[in-house]
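K.L.:
Sharing a structure below in structure tokens format, with a few things to ask.
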Amino acid sequence: MKKDLLFSDLGGQCAVPLANHTTFRIGGNARYFVIAADEKNLKAIIKRAVENHIAYFVIGAGSNLLVSDQGFAGIVIKLGNGFSQIKVVNNKIIGGAGVKLVDLVKTAFEHSLAGAEFLYGIPGTLGGAVKNNAGAFDHSISEIVELVQGFHIQNSKFEITDWQLKKDEVRFDYRTSQLPRDFIITQVVLKLVKDNNQAKIRAELERISQYRKQTQPWGASAGCIFKNPKGTSAGKLLDEVGLKGYTVGDAYVSKKHANFIINRGRARFNDVLELIQIMKLRVETKTGIILEEEIEIIPDSVEGGESNAEK
Ligand code: EPU
């Protein structure tokens with residue numbers, strides 16, 4: 001990795017392979033890449049990007065992303081240690097956007113706080129989970145969110161505005177929120193329920209862990225590719241139309257759960273895109289249901305200019 005001049009004083013590097021920063025292990029180079037140490041550093045990086053008309057993109061764990069082999073022509077910003085702090089105050093958890101969900105769930109358990117168990121096993125970060133209203137087992141993170149803190153920068157004036165949004169203002173929906181594209185999440189306050197029966201929380205975590213092991217595959221993937229259509233499971237539909245094991249290049253539909261695409265080694269962006277099209281077409285032809293992608297596809301979801309997506 002080479003140093004670049006534009007962001008080097010802020011910790012930036014150039015030509016960094018995004019395949020190393022996504023759980024799919026797919027993706028070309030980011031023109032610029034930087035790990036933002038803390039909020040001050042993050043603001044300075046974004047300000048510099050906006051001033052220089054460079055598109056920016058914030059990633060968390062990269063667990064919900066499919067990145068083009070062409071990479072990203074702007075700056076990719078990953079949240080560093082300053083965003084990994086967790087504080088517990090009574091029945092609330094205040095976590096940085098970069099906190100891993102597994103650490104969040106462990107902290108809740110250690111403090112006998114119930115309500116976050118369903119997040120166990122989701123390989124994302126808190127910021128990304130909130131942005132996309134991640135969930136599992138018929139629960140979504142929006143159920144436990146109290147406040148979302150962050151900022152955005154006005155492109156024309158390069159002015160940074162701090163935000164604090166109450167849950168209702170975020171307008172969550174199934175696997176999505178109405179947070180503006182340029183809103184950067186820095187911290188989230190979650191409200192849980194004190195339950196002194198810690199054994200009950202542990203049992204629920206074990207149940208979830210077992211269920212995931214039994215029903216979901218290991219390997220390089222981005223989790224579920226499609227959202228569930230109302231009243232049914234995308235995985236079930238894809239299974240019923242006979243797509244388990246269907247392969248394009250090194251990408252294949254998991255035999256364990258048909259809503260997962262696995263990269264078995266050297267899958268290319270186009271292999272996965274082709275597979276996604278085949279999956280959608282087969283389900284639509286046989287059932288009339290149009291599946292909608294749950295994953296974020298880069299650069300498609302970055303429409304020029306600035307963007308943020310923290311998963
Ligand atoms: N099923 C099949 N074949 C398959 C997959 C599922 O027949 O290949 C059936 C199952 O047997 C079950 C039903 O479909 O009867 C539902 O399956 P499952 O419990 O696995 O849940 P899902 O609806 O497929 C959702 C979430 C997952 C989450 C699980 C566990 C979405 C799109 N998916 O899957 O989330 O982990 O529930 O609660 O909401 C993700 O968001 O990336 C993700 C994987």
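To be explicit about the labels: the chains of the structure tokens are called A, B, and onward in the order shown, and within each one the residues are counted from 1, while ligands get numbers from 1 in the order they are shown.
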Please find the residues contacting ligand 1 at a distance of at most 6 Å between atoms, with only C-alpha atoms and all ligand atoms counted, and report them as a ChimeraX atom specification.

P.N.:
/A:136-137,215,223-224,226-228,233,235-236,239,256-258

K.L.:
Neighbouring residues of stretch 293-300 of chain A were defined as those with any atom within 7 Å, considering only C-alpha atoms; residues of the same chain fewer than 3 positions away were excluded. Please report them as a PyMOL selection string.

P.N.:
chain A and resi 64-68+72+224-227+303

K.L.:
Using only C-alpha atoms, which protein or nucleic acid residues come within 9 Å of A:Gly265? Drop anything in the same chain fewer than 3 positions from it, and give the result as an MDAnalysis selection string.

P.N.:
chainID A and resid 25 220 250:251 262

K.L.:
Any chance you could export the current selection's N, CA, C and O atoms as a PDB file, in the first residue's frame?

P.N.:
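Here's the written file again.pdb:
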ATOM      1  N   ARG A  25     -15.322 -11.038   0.594  1.00  0.00           N
ATOM      2  CA  ARG A  25     -13.944 -11.131   0.064  1.00  0.00           C
ATOM      3  C   ARG A  25     -13.916 -10.786  -1.433  1.00  0.00           C
ATOM      4  O   ARG A  25     -13.190 -11.412  -2.222  1.00  0.00           O
ATOM      5  N   ALA A 220     -17.345 -17.256   3.009  1.00  0.00           N
ATOM      6  CA  ALA A 220     -17.356 -15.846   2.627  1.00  0.00           C
ATOM      7  C   ALA A 220     -18.696 -15.494   1.987  1.00  0.00           C
ATOM      8  O   ALA A 220     -19.045 -16.030   0.929  1.00  0.00           O
ATOM      9  N   ASP A 250     -17.075 -18.812  -9.275  1.00  0.00           N
ATOM     10  CA  ASP A 250     -16.781 -19.298  -7.924  1.00  0.00           C
ATOM     11  C   ASP A 250     -17.851 -18.880  -6.914  1.00  0.00           C
ATOM     12  O   ASP A 250     -17.629 -18.968  -5.711  1.00  0.00           O
ATOM     13  N   ALA A 251     -18.988 -18.412  -7.425  1.00  0.00           N
ATOM     14  CA  ALA A 251     -20.073 -18.014  -6.520  1.00  0.00           C
ATOM     15  C   ALA A 251     -21.194 -19.042  -6.614  1.00  0.00           C
ATOM     16  O   ALA A 251     -21.563 -19.459  -7.714  1.00  0.00           O
ATOM     17  N   ILE A 262     -22.324 -17.877  -1.568  1.00  0.00           N
ATOM     18  CA  ILE A 262     -20.994 -18.086  -0.990  1.00  0.00           C
ATOM     19  C   ILE A 262     -19.925 -17.880  -2.064  1.00  0.00           C
ATOM     20  O   ILE A 262     -20.070 -18.350  -3.196  1.00  0.00           O
TER      21      ILE A 262
END

K.L.:
Write out, as a Markdown table, each residue of stretch 181-257 of chain A that has an atom at most 12 Å from stretch 88-99 of chain A, together with the closest pair of atoms and their distance in Å to one decimal, counting only C-alpha atoms, rows going by chain and rising number.

P.N.:
| residue | atom | partner | partner_atom | distance |
| --- | --- | --- | --- | --- |
| A:Ile184 | CA | A:Ala97 | CA | 9.2 |
| A:Ile185 | CA | A:Ala97 | CA | 6.1 |
| A:Thr186 | CA | A:Ala97 | CA | 4.9 |
| A:Gln187 | CA | A:Gly96 | CA | 4.3 |
| A:Val188 | CA | A:Gly95 | CA | 5.5 |
| A:Val189 | CA | A:Ile94 | CA | 4.5 |
| A:Leu190 | CA | A:Ile93 | CA | 5.2 |
| A:Lys191 | CA | A:Lys92 | CA | 4.6 |
| A:Leu192 | CA | A:Asn91 | CA | 5.4 |
| A:Val193 | CA | A:Asn91 | CA | 5.9 |
| A:Lys194 | CA | A:Asn91 | CA | 5.9 |
| A:Asp195 | CA | A:Asn91 | CA | 9.6 |
| A:Asn196 | CA | A:Asn91 | CA | 11.7 |

K.L.:
Could you please take those selected residues and save N, CA, C and O atoms as an mmCIF file, in the first residue's frame?

P.N.:
data_model
loop_
_atom_site.group_PDB
_atom_site.id
_atom_site.type_symbol
_atom_site.label_atom_id
_atom_site.label_comp_id
_atom_site.auth_asym_id
_atom_site.auth_seq_id
_atom_site.Cartn_x
_atom_site.Cartn_y
_atom_site.Cartn_z
ATOM 1 N N ILE A 184 -23.765 10.675 8.975
ATOM 2 C CA ILE A 184 -22.774 9.729 9.488
ATOM 3 C C ILE A 184 -23.128 9.413 10.938
ATOM 4 O O ILE A 184 -23.197 10.324 11.771
ATOM 5 N N ILE A 185 -23.335 8.147 11.219
ATOM 6 C CA ILE A 185 -23.653 7.761 12.601
ATOM 7 C C ILE A 185 -22.345 7.635 13.384
ATOM 8 O O ILE A 185 -21.395 7.013 12.912
ATOM 9 N N THR A 186 -22.328 8.250 14.572
ATOM 10 C CA THR A 186 -21.124 8.114 15.403
ATOM 11 C C THR A 186 -21.405 7.321 16.683
ATOM 12 O O THR A 186 -20.555 6.599 17.169
ATOM 13 N N GLN A 187 -22.617 7.451 17.203
ATOM 14 C CA GLN A 187 -22.947 6.800 18.476
ATOM 15 C C GLN A 187 -24.439 6.479 18.547
ATOM 16 O O GLN A 187 -25.255 7.209 17.969
ATOM 17 N N VAL A 188 -24.757 5.404 19.249
ATOM 18 C CA VAL A 188 -26.156 4.987 19.349
ATOM 19 C C VAL A 188 -26.469 4.688 20.817
ATOM 20 O O VAL A 188 -25.646 4.114 21.530
ATOM 21 N N VAL A 189 -27.661 5.094 21.254
ATOM 22 C CA VAL A 189 -28.112 4.730 22.607
ATOM 23 C C VAL A 189 -29.214 3.687 22.466
ATOM 24 O O VAL A 189 -30.211 3.901 21.766
ATOM 25 N N LEU A 190 -28.988 2.549 23.122
ATOM 26 C CA LEU A 190 -29.980 1.468 23.081
ATOM 27 C C LEU A 190 -30.632 1.348 24.443
ATOM 28 O O LEU A 190 -29.974 1.491 25.478
ATOM 29 N N LYS A 191 -31.921 1.061 24.436
ATOM 30 C CA LYS A 191 -32.634 0.888 25.703
ATOM 31 C C LYS A 191 -33.022 -0.578 25.831
ATOM 32 O O LYS A 191 -33.760 -1.109 24.980
ATOM 33 N N LEU A 192 -32.507 -1.223 26.886
ATOM 34 C CA LEU A 192 -32.795 -2.643 27.092
ATOM 35 C C LEU A 192 -33.586 -2.819 28.383
ATOM 36 O O LEU A 192 -33.976 -1.839 29.011
ATOM 37 N N VAL A 193 -33.809 -4.056 28.742
ATOM 38 C CA VAL A 193 -34.631 -4.333 29.929
ATOM 39 C C VAL A 193 -33.795 -5.120 30.938
ATOM 40 O O VAL A 193 -33.207 -6.146 30.595
ATOM 41 N N LYS A 194 -33.736 -4.603 32.174
ATOM 42 C CA LYS A 194 -33.001 -5.322 33.215
ATOM 43 C C LYS A 194 -33.726 -6.623 33.520
ATOM 44 O O LYS A 194 -34.931 -6.625 33.774
ATOM 45 N N ASP A 195 -32.986 -7.724 33.430
ATOM 46 C CA ASP A 195 -33.593 -9.024 33.741
ATOM 47 C C ASP A 195 -32.579 -9.798 34.582
ATOM 48 O O ASP A 195 -31.557 -10.258 34.062
ATOM 49 N N ASN A 196 -32.854 -9.898 35.872
ATOM 50 C CA ASN A 196 -31.860 -10.512 36.746
ATOM 51 C C ASN A 196 -31.689 -12.002 36.505
ATOM 52 O O ASN A 196 -30.778 -12.626 37.023
#

K.L.:
Can you check which residues of stretch 121-288 of chain A DSSP gives as strand (DSSP E) on the backbone and send them as JSON, numbers by chain?

P.N.:
{"A": [135, 136, 139, 140, 145, 146, 147, 148, 149, 150, 151, 152, 153, 154, 159, 160, 161, 162, 163, 164, 165, 166, 184, 185, 186, 187, 188, 189, 190, 191, 193, 194, 247, 248, 251, 252, 253, 261, 262, 263]}

K.L.:
Would you list the contacts of stretch 34-51 of chain A as number ranges by chain, taking every protein, DNA or RNA residue within 7 Å and counting only C-alpha atoms, but skipping same-chain residues closer than 3 positions in sequence?

P.N.:
A: 10-13, 54-56, 76-83, 155, 158

K.L.:
Would you list the contacts of A:Ile208 as number ranges by chain, taking every protein, DNA or RNA residue within 9 Å and counting only C-alpha atoms, but skipping same-chain residues closer than 6 positions in sequence?

P.N.:
A: 117-118, 120-121, 137
